[in-house]
Amino acid sequence: MSSNLYDFSTLTSSIHAALSGMMSSGWVVFTELVLIGLLFLLFYALLGLFLVYLERKVCAIIQNRVGPNRVGKWGLLQTIADLIKLLLKELIPIRKADPILFNLAPFIVILASFMAMAALPFAKGLQAVDFNIGVFYVMAVSSLGVVGILLAGWSSNSKYSLIGAIRSGAQIVSYELSVGLSILAIVVFSGTMQLSGIVESQADGWWLFKGHIPALIAFVIFLIASTAEINRGPFDLAEAESELTAGFHTEYSGIKFAFFFLAEYINMFIVAAIGATIFLGGWMPFHIGNWEGFNHIMNYIPSMVWFFLKTFFIVYLIMWFKWTFPRLRIDQLLTLEWKYLLPISLVNIVFIAFIVLMGWHF
Amino acid sequence: MSEEIIKDVIVGENEDYIINMGPQHPSTHGVLRLEVCLKGETVKYLIPHIGYIHRGIEKMCEADTYQQLIHLTDRMDYLSAHMNNEAVCLCVEDALQVEIPERVKYIRTILDELNRIASHQLWWCAFGMDLGALTSFFYGLRDREHILDIFEESFGSRLLHSFVMPGGLMHDVHPNFQKRTKEFIKYFRKKLPEYDQLLTGNIIFQNRAKGIGYMSRETAIGYGVTGPSGRGSNFACDVRKIAPYGAYDKVQFNEILGTGGDTFARYQVRMAEMWESMNIIEQLIDNIPEGDYTAKMKPIIKLPAGEYFRRVETARGELAVYVVSDGNKSPYRMKFRTPNFSNLFVLNTLASGHKIADLIAISGSLDLVIPDIDR
């Protein structure tokens, strides 16, 4: 990156300076935490609403339909109306359900997605927490969600829920490995686990292009495995509405159901964002070799736009999967992971290590 | 019932995981309850419980005249409403020995086949949904709408037509009927390959369907599984071939037989039947003879005392009507042998040992319509 155009760190550091002038350092940290928390809450809610709207429009296009078009212009207010409906719905208490775990489960699920979001680099200089083990943190936190799903299935006192939860447990534990290994492939390339560092390492080209075929394989495996990890079709066995009615959240109603629903969409955004950050260069603009003029024009597009363009490209891919493919069976799902994806990614990572050792990558 | 089921259910020494699928469940296609015994994800056995939509149609028939009870038969297999009507009408016409105008026979046969295509389209929609391919539903319904529009124009109703009456038809078809049917055939010949592109060739779909729910020819005959489900197991049971009625003896068509006996074979038989139905319609649609739309019938039909039996091929298999008359204007006893009843009870044999997801796929491939089972 040549210019410091649209660098958010200037904005954030000026805010920090202004706050430091007003109060002691302890209060500055506190105020900043509250501000960031509020911003994330707002972003989270808006993103959830938008993703649900987007999914309904995308699936409508795939299915020869129009999609929501009555509430507001182009149906834009449809999801808000749905949200109000969900807020007003009765929370049905389940007899013989474990009340503590039953009420806790949606919060764990939503907490996991919330925490993962903190480490995402949204734009140049716009990242809440920049861990030096960012990749590791995101993976660890995002797999916390399965605890919530298992709790929901167990505490609902419903047989369908339990089957759904157990399926989900088996699925996420398996596919976590492939997601990890495919991300590790790029960690080997870039030599850092810091998400901002990985983005910086792609200033002269995205890893998808720089990493030869192994990076492409890792990207495909990442797409498949992360779709499975967030329980979306064709891997939506935990919900499998034609088999288990709604799987682990069968017994939930009202806002608690909305939490699961929201977390599913936010998780989709998070894996898409990680995919975009790691394979497609995050907020880095698209550059072609020595085309100075072209690269210069690309630099003028704000980094945030690049990030969201790439992320929503992957979000669209994941939605496309869901609306075209039939669902896998549980044994086929596990076979796919343990017999195909895992061995391929293991061999792939050895291959990548060899490439890096010989210095064959760009 | 096997020893195991007796021990589990009747004696109550059951330690297995039993779930109730239905009566309200997205993929039982109606109010069917399956008591499924699971071992992990694997189905050990299942017991179908029926009767949630029992309306006593057979008994109600005993209080109605023959023109009236036609309207009850619509409500059995609502997706083959036309064939159900025709079965009763054929029975009555046999008993009275009336000669049916050729025009009526042609129109009835065309409507049979249109109804069969519409039914198979809806089956395809629902089968895709059962396997989790949600888009197939909208593709199928899009094309089915064209057939329902043709029906609506001619009969005034889209699903339960009651268009066939003893002796002929309720009234003549709409003047547009021929033109619109030909347009539909032309349209659907282009659209049917889309079905294959979307679902049939998909590797996930093939893995889900191939080798699942194998039914041997002996099993099919033993349980009386007819229609496309039976023909998927190489059981030649097409009533249109065995005992032609209507204009089926005047057209050239093949009885589609599958050899696999699995879910995929049953799927392929139905897909091929849609092509074959279009062939039949094309042979007939230009040659509908002129004439009356009904034979001359008395306003009150009284069947001579005796027993009468006729069968037709509905979209799901062999529907047989058995009428006992004591000479009055309503039947003394009426019995329907409905295809879905037999097709349902083979489910335990097919699904035992498979996963839950396969159970859904298998019951989808049998194409059950629950009101037809309960009657």
# chains A, B, ... in the order shown; residues from 1 in each chain; ligands from 1
call {"tool": "select_by_dssp", "arguments": {"residues": "range 30-247 of chain B", "states": "helix (DSSP H, G or I)", "output": "VMD selection string"}}
result
chain B and resid 57 to 61 66 to 73 78 to 96 102 to 130 135 to 155 177 to 200 203 to 209 217 to 223 227 to 231 239 to 242
call {"tool": "write_last_selection", "arguments": {"atoms": "C-alpha atoms", "output": "compact mmCIF listing (two decimals), in the first residue's frame"}}
result
# COMPACT_ATOMS: atom_id res chain seq x y z
CA ILE B 57 -65.61 -42.23 2.83
CA GLU B 58 -66.62 -45.84 2.14
CA LYS B 59 -69.46 -45.63 4.64
CA MET B 60 -70.55 -42.21 3.42
CA CYS B 61 -70.80 -43.64 -0.08
CA TYR B 66 -73.74 -42.59 -7.65
CA GLN B 67 -73.53 -39.05 -8.99
CA GLN B 68 -72.98 -37.75 -5.48
CA LEU B 69 -70.35 -40.19 -4.33
CA ILE B 70 -68.07 -39.21 -7.20
CA HIS B 71 -67.32 -36.07 -5.22
CA LEU B 72 -66.19 -38.09 -2.23
CA THR B 73 -63.64 -40.05 -4.25
CA TYR B 78 -56.41 -35.64 -4.05
CA LEU B 79 -53.48 -35.58 -6.45
CA SER B 80 -55.08 -38.19 -8.71
CA ALA B 81 -58.61 -36.86 -8.30
CA HIS B 82 -59.46 -37.48 -11.91
CA MET B 83 -58.44 -41.15 -11.86
CA ASN B 84 -60.40 -41.76 -8.68
CA ASN B 85 -63.54 -40.34 -10.29
CA GLU B 86 -62.98 -42.41 -13.37
CA ALA B 87 -62.65 -45.66 -11.43
CA VAL B 88 -66.13 -45.29 -9.95
CA CYS B 89 -67.60 -44.17 -13.25
CA LEU B 90 -66.15 -47.16 -15.09
CA CYS B 91 -67.67 -49.42 -12.47
CA VAL B 92 -71.12 -47.86 -12.82
CA GLU B 93 -70.94 -47.88 -16.60
CA ASP B 94 -69.97 -51.55 -16.54
CA ALA B 95 -72.92 -52.37 -14.37
CA LEU B 96 -75.39 -50.46 -16.52
CA GLU B 102 -65.46 -42.17 -28.11
CA ARG B 103 -64.97 -38.47 -27.38
CA VAL B 104 -65.43 -39.08 -23.69
CA LYS B 105 -62.89 -41.88 -23.67
CA TYR B 106 -60.28 -39.70 -25.36
CA ILE B 107 -60.83 -36.75 -23.09
CA ARG B 108 -60.77 -38.91 -19.99
CA THR B 109 -57.48 -40.46 -21.01
CA ILE B 110 -55.88 -37.09 -21.75
CA LEU B 111 -57.03 -35.79 -18.38
CA ASP B 112 -55.69 -38.93 -16.69
CA GLU B 113 -52.28 -38.29 -18.12
CA LEU B 114 -52.32 -34.55 -17.40
CA ASN B 115 -53.25 -35.37 -13.84
CA ARG B 116 -50.47 -37.93 -13.68
CA ILE B 117 -47.92 -35.38 -14.83
CA ALA B 118 -49.18 -32.84 -12.29
CA SER B 119 -48.99 -35.43 -9.56
CA HIS B 120 -45.47 -36.51 -10.48
CA GLN B 121 -44.40 -32.87 -10.60
CA LEU B 122 -45.60 -32.34 -7.07
CA TRP B 123 -43.92 -35.55 -6.01
CA TRP B 124 -40.67 -34.29 -7.52
CA CYS B 125 -41.02 -31.00 -5.61
CA ALA B 126 -41.63 -32.75 -2.34
CA PHE B 127 -38.96 -35.38 -2.87
CA GLY B 128 -36.36 -32.68 -3.39
CA MET B 129 -37.56 -30.97 -0.23
CA ASP B 130 -37.32 -34.22 1.70
CA THR B 135 -35.17 -25.11 -4.82
CA SER B 136 -36.71 -28.12 -6.54
CA PHE B 137 -40.01 -27.25 -4.88
CA PHE B 138 -40.38 -24.03 -6.80
CA TYR B 139 -39.32 -25.47 -10.13
CA GLY B 140 -41.93 -28.19 -9.89
CA LEU B 141 -44.72 -25.91 -8.76
CA ARG B 142 -43.92 -23.45 -11.54
CA ASP B 143 -44.70 -26.07 -14.19
CA ARG B 144 -47.59 -27.67 -12.32
CA GLU B 145 -49.34 -24.32 -12.38
CA HIS B 146 -49.73 -24.61 -16.16
CA ILE B 147 -51.64 -27.89 -15.83
CA LEU B 148 -53.80 -26.54 -13.04
CA ASP B 149 -54.65 -23.55 -15.23
CA ILE B 150 -55.84 -25.90 -17.97
CA PHE B 151 -57.96 -27.74 -15.41
CA GLU B 152 -59.34 -24.53 -14.01
CA GLU B 153 -60.42 -23.35 -17.43
CA SER B 154 -62.25 -26.55 -18.23
CA PHE B 155 -63.64 -27.68 -14.88
CA PHE B 177 -58.49 -27.13 -24.09
CA GLN B 178 -56.71 -28.65 -27.08
CA LYS B 179 -54.66 -25.55 -27.83
CA ARG B 180 -53.54 -25.04 -24.26
CA THR B 181 -52.69 -28.68 -23.71
CA LYS B 182 -50.51 -28.67 -26.81
CA GLU B 183 -48.84 -25.49 -25.63
CA PHE B 184 -48.16 -27.10 -22.28
CA ILE B 185 -46.60 -30.20 -23.82
CA LYS B 186 -44.35 -28.03 -25.92
CA TYR B 187 -43.40 -25.99 -22.86
CA PHE B 188 -42.85 -28.92 -20.54
CA ARG B 189 -40.69 -30.81 -23.02
CA LYS B 190 -38.24 -27.93 -22.65
CA LYS B 191 -38.58 -27.68 -18.88
CA LEU B 192 -38.34 -31.33 -17.86
CA PRO B 193 -34.58 -31.55 -18.63
CA GLU B 194 -34.14 -28.77 -16.05
CA TYR B 195 -35.31 -31.20 -13.41
CA ASP B 196 -32.50 -33.54 -14.30
CA GLN B 197 -29.97 -30.73 -14.29
CA LEU B 198 -31.04 -29.54 -10.88
CA LEU B 199 -31.41 -32.81 -9.03
CA THR B 200 -30.82 -36.05 -10.94
CA ILE B 203 -23.64 -36.22 -6.80
CA ILE B 204 -25.07 -35.64 -3.33
CA PHE B 205 -28.52 -36.59 -4.56
CA GLN B 206 -27.25 -39.77 -6.21
CA ASN B 207 -25.39 -40.78 -3.08
CA ARG B 208 -28.53 -40.19 -1.07
CA ALA B 209 -30.77 -42.18 -3.41
CA ARG B 217 -39.69 -57.80 -6.90
CA GLU B 218 -40.94 -60.44 -4.45
CA THR B 219 -41.35 -57.86 -1.70
CA ALA B 220 -43.24 -55.58 -4.05
CA ILE B 221 -45.62 -58.36 -5.04
CA GLY B 222 -45.89 -59.60 -1.48
CA TYR B 223 -46.95 -56.24 -0.11
CA GLY B 227 -47.61 -47.96 -9.40
CA PRO B 228 -44.21 -46.38 -10.04
CA SER B 229 -42.98 -47.68 -6.67
CA GLY B 230 -43.67 -51.27 -7.68
CA ARG B 231 -42.44 -50.77 -11.23
CA VAL B 239 -53.26 -51.44 -15.19
CA ARG B 240 -53.19 -49.31 -18.32
CA LYS B 241 -51.38 -52.22 -20.00
CA ILE B 242 -52.93 -55.18 -18.18
call {"tool": "interface_residues", "arguments": {"of": "chain A", "to": "chain B", "cutoff": "7 Å", "atoms": "only C-alpha atoms", "output": "list in words"}}
result
Gln63, Lys159, Ser242, Glu243, Thr245, Trp323, Thr324, Phe325, Pro326, Arg327, Leu328 and Arg329 of chain A
call {"tool": "residues_around", "arguments": {"residues": "range 261-270 of chain A", "least_positions_apart": "6", "cutoff": "7 Å", "atoms": "only C-alpha atoms", "output": "number ranges by chain"}}
result
A: 48, 51, 109-110, 113, 117, 230, 315
call {"tool": "residues_around", "arguments": {"residues": "Val251 in chain B", "least_positions_apart": "3", "cutoff": "9 Å", "atoms": "only C-alpha atoms", "output": "PyMOL selection string"}}
result
chain B and resi 247-248+280+283-284
call {"tool": "write_last_selection", "arguments": {"atoms": "C-alpha atoms", "output": "CSV table (one decimal), in the first residue's frame"}}
result
chain,number,residue,atom,x,y,z
B,247,ALA,CA,-58.4,-44.9,-24.9
B,248,TYR,CA,-55.3,-46.6,-23.6
B,280,ILE,CA,-49.7,-40.4,-24.8
B,283,GLN,CA,-51.0,-39.1,-29.7
B,284,LEU,CA,-54.5,-38.3,-28.5
call {"tool": "atom_distance", "arguments": {"atom1": "CA of Cys237 in chain B", "atom2": "CA of Ile50 in chain B"}}
result
25.4 Å
call {"tool": "select_by_dssp", "arguments": {"residues": "range 221-323 of chain B", "states": "strand (DSSP E or B)", "output": "number ranges by chain"}}
result
B: 294, 306-314, 317-323
call {"tool": "closest_residue", "arguments": {"among": "A:Leu33, A:Ile94, A:Leu76, A:Ile352", "to": "Leu54 in chain A", "atoms": "only C-alpha atoms"}}
result
A:Leu76
